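Here is the structure we will look at.
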Amino acid sequence: MEQERTFLEYLRDVSENSSPLDFYLIYDNIDRFFMGAWITIEITFLSLFLGGLLCIPLAIARAYKTPYLNGPIWCFTYFFRGTPLLVQTYLFYFGLGQFEWVRESFLWGPVLSSAWWCVLIAFTLNTAAYTTEFLRGAIESTPWGEIEASKASGMSPWTRMRRIVLPSSFRRALPAYSNEVIFMVHGSVVASTVTLQDLLGVGRWLNGRYYLAYEGFITAMVFYMCIVFMISKGFKFAENRWLGHLRQRDTSLDEADEPVLIAIR
Amino acid sequence: MNFKKLALAAVVGIMALAGGQANAGDALRIGVEGAYPPFSWKEADGTLKGFDIDVAYALCEKMNRECTLVEQEWDGMIPALISRKFDAIVASMSITEDRKKRVDFSVKYYNTPSRMVAKDGAGFEVTQAGMAGKKIGVQRGTTHQCFVEKNFPDSEVVLYTSQEDVFADLASGRIDAQSSDALQAEEGFLNTDAGKGFAFIGGDQDDIPCLGEGAGIAVRKGDSIVTEFNNAIQAIRADGTYAKFNDMYFAMDIYGN
């Protein structure tokens with residue numbers, strides 16, 4: 001207890017006298033930042049999950065040029081990849097709220113009137129569009145040998161898709177997907193523009209409440225860096241686990257040769 | 001050898017640039033918002049209009065200075081002033097103790113009360129208990145954020161970037177009430193088509209620590225230009241310029257007492 005109080009006093013003293021940043025205010029409001037971080041993580045990963053589910057049938061339909069579906073899906077991905085996430089979110093949040101019939105529909109009360117849902121829908125469709133396109137690429141580039149082998153062993157098209165094509169494509173799409181996940185974390189700051197108290201929202205709240213310039217942003221930045229760090233570690237693990245067979249073999253000289261090299265240097 | 005000369009040239013060049021920025025003539029850069037009618041708004045062609053804008057130009061004229069207006073979103077207003085994006089804020093900023101820790105203020109140039117707005121006949125009392133569980137919208141970084149967070153701890157406070165967004169969501173029913181400057185709410189919302197079916201609830205709010213003592217012109221701490229602003233405000237009050245602007249936008253005297 002004693003220890004804690006002296007630490008707080010120290011923090012207050014540093015903040016008031018010698019530091020350009022007010023660490024005491026940050027410390028005092030750190031629980032809000034954790035709540036904001038939770039909203040950011042929740043909305044990002046929920047939309048990635050839902051977008052991920054949505055993209056599988058869309059990617060298959062695109063890869064096999066399914067009649068009647070290929071065109072509309074192309075339009076969908078073109079629209080969501082061709083416009084900024086911010087504009088899409090505004091469209092769902094401010095745009096839909098303009099219309100009387102939307103406000104009177106049964107969806108308004110539980111879903112469209114809430115910022116959380118509007119953001120989730122926009123983010124889900126956005127990430128679904130991106131994931132569809134690179135999963136399609138992965139499906140199309142499935143090595144012909146794998147498909148031939150599965151045909152030779154008598155798998156039906158459905159079994160082939162389930163056992164061979166999709167698992168193989170997922171693995172090859174993994175490195176591209178890690179980028180998409182990080183972009184979504186960064187893109188999630190858009191949520192704060194439509195009143196959601198995500199990480200950046202809390203940062204802006206702190207700045208607004210105490211008329212500060214940097215404290216809120218810098219704290220949010222540190223949180224974002226931690227989140228992205230954990231994501232990239234996670235993907236590194238996943239790539240080693242599921243993509244190991246495609247990794248470049250280590251072709252450098254054996255350890256036994258090292259002393260020779262050092263001697264030459 | 002040559003590297004040293006190059007480095008020197010670079011340093012001199014940077015200093016020249018920095019110096020040029022610090023004293024770009026005597027032109028005064030004034031931060032304004034442009035999303036707060038009738039105090040400031042932006043016409044379709046991009047020109048800024050409103051009471052704050054007219055006051056800003058009139059003050060500059062009295063101070064014999066050339067002025068350029070710089071648009072800035074509200075929640076970055078004080079940070080932008082401190083980081084020298086502009087030299088003064090003329091944007092209906094209330095003079096409060098919290099803000100005085102970061103910036104200096106001129107004397108007030110108007111003082112109007114704050115009130116809440118909700119759907120006509122919304123049927124709840126403007127008390128902590130009456131507003132419990134209700135969603136109250138305010139603009140982020142305003143005195144109203146302070147007021148609502150302090151006085152209605154049982155309500156959900158929803159923060160917006162601009163006052164226009166607050167009204168948009170009040171109209172669409174996402175929030176139950178909003179708190180803001182009464183005059184601005186009347187002119188900028190209640191008297192417009194979007195504000196049909198809405199009305200003030202509760203009386204004028206009374207909380208000087210949060211709401212402040214009127215709107216002033218904010219400058220960086222210790223900047224002597226504040227006395228020039230004070231004199232200029234006296235001058236436009238005395239020569240009728242202020243009254244002319246007041247009557248252009250408002251039916252009542254907004255200077256307050």
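In the structure tokens, the first chain shown is A, the next is B, and so on; residue numbers restart at 1 for each chain, and ligands run from 1 in the order shown.
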Just list the residues in stretch 167-240 of chain A DSSP gives alpha helix (DSSP H) on the backbone, as a PyMOL selection string. chain A and resi 167-187+199-210+215-240
Would you mind listing, as a VMD selection string, all residues of chain B that have at least one atom within 8 Å of chain A, where only C-alpha atoms are what counts? chain B and resid 75 to 76 78 to 80 98 to 99 102 140 to 142 145 to 146 158 to 161 168 to 169 172 to 174
C-alpha atoms of the current selection, written as a PDB file, in the first residue's frame:
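The resulting result.pdb:
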```pdb
ATOM      1  CA  ASP B  75     -11.168  17.750 -30.549  1.00  0.00           C
ATOM      2  CA  GLY B  76      -7.783  18.768 -31.942  1.00  0.00           C
ATOM      3  CA  ILE B  78      -6.167  23.061 -28.255  1.00  0.00           C
ATOM      4  CA  PRO B  79      -3.428  20.602 -29.327  1.00  0.00           C
ATOM      5  CA  ALA B  80      -3.225  22.388 -32.674  1.00  0.00           C
ATOM      6  CA  ASP B  98      -9.395  22.959 -16.926  1.00  0.00           C
ATOM      7  CA  ARG B  99      -8.632  24.659 -20.228  1.00  0.00           C
ATOM      8  CA  ARG B 102      -3.305  24.523 -21.110  1.00  0.00           C
ATOM      9  CA  ARG B 140     -16.097  15.250 -27.610  1.00  0.00           C
ATOM     10  CA  GLY B 141     -13.803  17.674 -25.816  1.00  0.00           C
ATOM     11  CA  THR B 142     -16.511  20.229 -25.016  1.00  0.00           C
ATOM     12  CA  GLN B 145     -18.812  16.359 -22.110  1.00  0.00           C
ATOM     13  CA  CYS B 146     -17.545  17.488 -18.698  1.00  0.00           C
ATOM     14  CA  VAL B 158     -21.995   9.016 -26.372  1.00  0.00           C
ATOM     15  CA  LEU B 159     -19.166  11.121 -27.801  1.00  0.00           C
ATOM     16  CA  TYR B 160     -19.154  12.697 -31.261  1.00  0.00           C
ATOM     17  CA  THR B 161     -16.545  14.479 -33.315  1.00  0.00           C
ATOM     18  CA  ALA B 168     -27.882  13.704 -36.810  1.00  0.00           C
ATOM     19  CA  ASP B 169     -27.986  10.849 -34.309  1.00  0.00           C
ATOM     20  CA  SER B 172     -32.337   9.305 -36.146  1.00  0.00           C
ATOM     21  CA  GLY B 173     -33.130   8.196 -32.591  1.00  0.00           C
ATOM     22  CA  ARG B 174     -29.780   6.629 -31.700  1.00  0.00           C
TER      23      ARG B 174
END
```
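For the pair atom CA of A:Ser178 and atom CA of A:Arg32, the separation is 27.9 Å.
Near A:Leu200, within 8 Å and counting only C-alpha atoms, sit A:Gly36, A:Val189, A:Ser192, A:Gln197, A:Asp198, A:Val202, A:Gly203, A:Arg204, A:Gly216, A:Phe217, A:Ala220; same-chain residues fewer than 2 positions away were not included.
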Store the residues of this selection in a file with N, CA and C atoms, as a PDB file, in the first residue's frame.
```pdb
ATOM      1  N   GLY A  36     -11.068  -0.277 -23.945  1.00  0.00           N
ATOM      2  CA  GLY A  36     -10.987   0.083 -25.358  1.00  0.00           C
ATOM      3  C   GLY A  36     -10.279  -0.987 -26.159  1.00  0.00           C
ATOM      4  N   VAL A 189      -9.594   1.465 -36.238  1.00  0.00           N
ATOM      5  CA  VAL A 189      -9.673   2.813 -35.652  1.00  0.00           C
ATOM      6  C   VAL A 189     -10.865   3.583 -36.212  1.00  0.00           C
ATOM      7  N   SER A 192     -13.881   4.433 -34.031  1.00  0.00           N
ATOM      8  CA  SER A 192     -13.956   5.565 -33.105  1.00  0.00           C
ATOM      9  C   SER A 192     -14.630   6.777 -33.749  1.00  0.00           C
ATOM     10  N   GLN A 197     -16.263   3.335 -28.429  1.00  0.00           N
ATOM     11  CA  GLN A 197     -15.113   3.642 -27.576  1.00  0.00           C
ATOM     12  C   GLN A 197     -14.049   2.555 -27.708  1.00  0.00           C
ATOM     13  N   ASP A 198     -13.474   2.421 -28.889  1.00  0.00           N
ATOM     14  CA  ASP A 198     -12.375   1.477 -29.071  1.00  0.00           C
ATOM     15  C   ASP A 198     -11.087   2.128 -28.563  1.00  0.00           C
ATOM     16  N   VAL A 202     -10.904   5.801 -26.893  1.00  0.00           N
ATOM     17  CA  VAL A 202     -10.517   6.120 -25.515  1.00  0.00           C
ATOM     18  C   VAL A 202      -9.388   7.153 -25.518  1.00  0.00           C
ATOM     19  N   GLY A 203      -8.431   6.986 -26.450  1.00  0.00           N
ATOM     20  CA  GLY A 203      -7.338   7.954 -26.562  1.00  0.00           C
ATOM     21  C   GLY A 203      -7.882   9.346 -26.829  1.00  0.00           C
ATOM     22  N   ARG A 204      -8.862   9.414 -27.752  1.00  0.00           N
ATOM     23  CA  ARG A 204      -9.437  10.718 -28.077  1.00  0.00           C
ATOM     24  C   ARG A 204     -10.285  11.225 -26.922  1.00  0.00           C
ATOM     25  N   GLY A 216      -3.227  10.572 -25.042  1.00  0.00           N
ATOM     26  CA  GLY A 216      -4.184   9.554 -25.460  1.00  0.00           C
ATOM     27  C   GLY A 216      -3.691   8.770 -26.661  1.00  0.00           C
ATOM     28  N   PHE A 217      -3.125   9.479 -27.642  1.00  0.00           N
ATOM     29  CA  PHE A 217      -2.662   8.822 -28.863  1.00  0.00           C
ATOM     30  C   PHE A 217      -1.473   7.908 -28.571  1.00  0.00           C
ATOM     31  N   ALA A 220      -2.611   4.765 -26.797  1.00  0.00           N
ATOM     32  CA  ALA A 220      -3.297   3.889 -27.747  1.00  0.00           C
ATOM     33  C   ALA A 220      -2.277   3.215 -28.658  1.00  0.00           C
TER      34      ALA A 220
END
```
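Taking atom CA of A:Tyr24 and atom CA of A:Arg12 as endpoints, the distance between them is 5.2 Å.
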I'd like the neighbourhood of A:Ile147 as a PyMOL selection string, where a residue qualifies if any of its atoms comes within 10 Å (using only C-alpha atoms), though same-chain residues fewer than 3 positions away should be ignored. chain A and resi 142-144+150-153+155+157+160-161+164-165
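Using only C-alpha atoms, the contacts of B:Cys210 at a cut-off of 10 Å, with sequence neighbours closer than 6 positions omitted, comprise Ser94, Ile95, Thr96, Glu97, Asp98, Thr142, Thr143, His144, Gln145, Cys146, Phe147, Val148, Glu149, Lys150 and Asn151 of chain B.
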If we count only C-alpha atoms and set the cut-off at 12 Å, which residues sit around B:Glu213, ignoring sequence neighbours fewer than 4 positions away in its own chain? Please answer as a PyMOL selection string. chain B and resi 92-97+99-100+105-114+143+206-209+255-257
Using only C-alpha atoms, which residues sit within 12 Å of B:Glu228 once same-chain residues fewer than 3 positions away are excluded, as a PyMOL selection string? chain B and resi 59-65+88+105-107+217+219+223-225+231-235
Dump N, CA and C atoms for the selected residues as a PDB file, in the first residue's frame?
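part_30.pdb was written with the following content:
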```
ATOM      1  N   LEU B  59     -12.065  41.470 -35.343  1.00  0.00           N
ATOM      2  CA  LEU B  59     -11.000  41.655 -34.350  1.00  0.00           C
ATOM      3  C   LEU B  59      -9.670  41.918 -35.043  1.00  0.00           C
ATOM      4  N   CYS B  60      -9.406  41.170 -36.103  1.00  0.00           N
ATOM      5  CA  CYS B  60      -8.152  41.344 -36.835  1.00  0.00           C
ATOM      6  C   CYS B  60      -8.052  42.759 -37.389  1.00  0.00           C
ATOM      7  N   GLU B  61      -9.178  43.257 -37.888  1.00  0.00           N
ATOM      8  CA  GLU B  61      -9.189  44.599 -38.446  1.00  0.00           C
ATOM      9  C   GLU B  61      -8.834  45.623 -37.362  1.00  0.00           C
ATOM     10  N   LYS B  62      -9.456  45.453 -36.188  1.00  0.00           N
ATOM     11  CA  LYS B  62      -9.174  46.365 -35.073  1.00  0.00           C
ATOM     12  C   LYS B  62      -7.712  46.271 -34.619  1.00  0.00           C
ATOM     13  N   MET B  63      -7.145  45.049 -34.730  1.00  0.00           N
ATOM     14  CA  MET B  63      -5.763  44.858 -34.287  1.00  0.00           C
ATOM     15  C   MET B  63      -4.768  45.251 -35.367  1.00  0.00           C
ATOM     16  N   ASN B  64      -5.288  45.641 -36.537  1.00  0.00           N
ATOM     17  CA  ASN B  64      -4.432  45.985 -37.680  1.00  0.00           C
ATOM     18  C   ASN B  64      -3.509  44.838 -38.069  1.00  0.00           C
ATOM     19  N   ARG B  65      -4.063  43.676 -38.099  1.00  0.00           N
ATOM     20  CA  ARG B  65      -3.270  42.519 -38.490  1.00  0.00           C
ATOM     21  C   ARG B  65      -3.953  41.797 -39.635  1.00  0.00           C
ATOM     22  N   ALA B  88      -4.387  31.563 -32.493  1.00  0.00           N
ATOM     23  CA  ALA B  88      -5.510  31.881 -31.615  1.00  0.00           C
ATOM     24  C   ALA B  88      -6.714  31.052 -32.052  1.00  0.00           C
ATOM     25  N   PHE B 105      -6.847  32.724 -21.950  1.00  0.00           N
ATOM     26  CA  PHE B 105      -8.061  33.203 -22.604  1.00  0.00           C
ATOM     27  C   PHE B 105      -8.148  34.723 -22.594  1.00  0.00           C
ATOM     28  N   SER B 106      -8.802  35.262 -23.614  1.00  0.00           N
ATOM     29  CA  SER B 106      -9.169  36.669 -23.603  1.00  0.00           C
ATOM     30  C   SER B 106     -10.384  36.816 -22.684  1.00  0.00           C
ATOM     31  N   VAL B 107     -10.901  38.043 -22.557  1.00  0.00           N
ATOM     32  CA  VAL B 107     -12.185  38.206 -21.886  1.00  0.00           C
ATOM     33  C   VAL B 107     -13.243  37.542 -22.761  1.00  0.00           C
ATOM     34  N   ILE B 217     -11.387  33.924 -26.469  1.00  0.00           N
ATOM     35  CA  ILE B 217     -10.422  33.598 -27.510  1.00  0.00           C
ATOM     36  C   ILE B 217      -9.197  32.991 -26.842  1.00  0.00           C
ATOM     37  N   VAL B 219      -5.374  31.610 -26.598  1.00  0.00           N
ATOM     38  CA  VAL B 219      -4.034  31.773 -27.182  1.00  0.00           C
ATOM     39  C   VAL B 219      -3.065  30.921 -26.371  1.00  0.00           C
ATOM     40  N   ASP B 223       1.311  34.174 -24.232  1.00  0.00           N
ATOM     41  CA  ASP B 223       1.365  34.960 -25.466  1.00  0.00           C
ATOM     42  C   ASP B 223       0.736  36.333 -25.207  1.00  0.00           C
ATOM     43  N   SER B 224       1.526  37.397 -25.470  1.00  0.00           N
ATOM     44  CA  SER B 224       1.069  38.738 -25.117  1.00  0.00           C
ATOM     45  C   SER B 224      -0.050  39.228 -26.025  1.00  0.00           C
ATOM     46  N   ILE B 225      -0.304  38.478 -27.085  1.00  0.00           N
ATOM     47  CA  ILE B 225      -1.323  38.919 -28.030  1.00  0.00           C
ATOM     48  C   ILE B 225      -2.704  38.962 -27.383  1.00  0.00           C
ATOM     49  N   ASN B 231      -8.418  44.240 -26.053  1.00  0.00           N
ATOM     50  CA  ASN B 231      -8.707  45.601 -26.509  1.00  0.00           C
ATOM     51  C   ASN B 231      -9.626  45.591 -27.727  1.00  0.00           C
ATOM     52  N   ALA B 232      -9.363  44.651 -28.622  1.00  0.00           N
ATOM     53  CA  ALA B 232     -10.156  44.598 -29.847  1.00  0.00           C
ATOM     54  C   ALA B 232     -11.604  44.223 -29.537  1.00  0.00           C
ATOM     55  N   ILE B 233     -11.795  43.319 -28.548  1.00  0.00           N
ATOM     56  CA  ILE B 233     -13.165  42.955 -28.175  1.00  0.00           C
ATOM     57  C   ILE B 233     -13.882  44.188 -27.613  1.00  0.00           C
ATOM     58  N   GLN B 234     -13.192  44.941 -26.720  1.00  0.00           N
ATOM     59  CA  GLN B 234     -13.764  46.188 -26.201  1.00  0.00           C
ATOM     60  C   GLN B 234     -14.153  47.109 -27.351  1.00  0.00           C
ATOM     61  N   ALA B 235     -13.251  47.187 -28.334  1.00  0.00           N
ATOM     62  CA  ALA B 235     -13.452  48.132 -29.442  1.00  0.00           C
ATOM     63  C   ALA B 235     -14.677  47.760 -30.271  1.00  0.00           C
TER      64      ALA B 235
END
```
Provide the atom CA of B:Met77 to atom CA of A:Trp38 distance in Å, to one decimal place. 28.4 Å
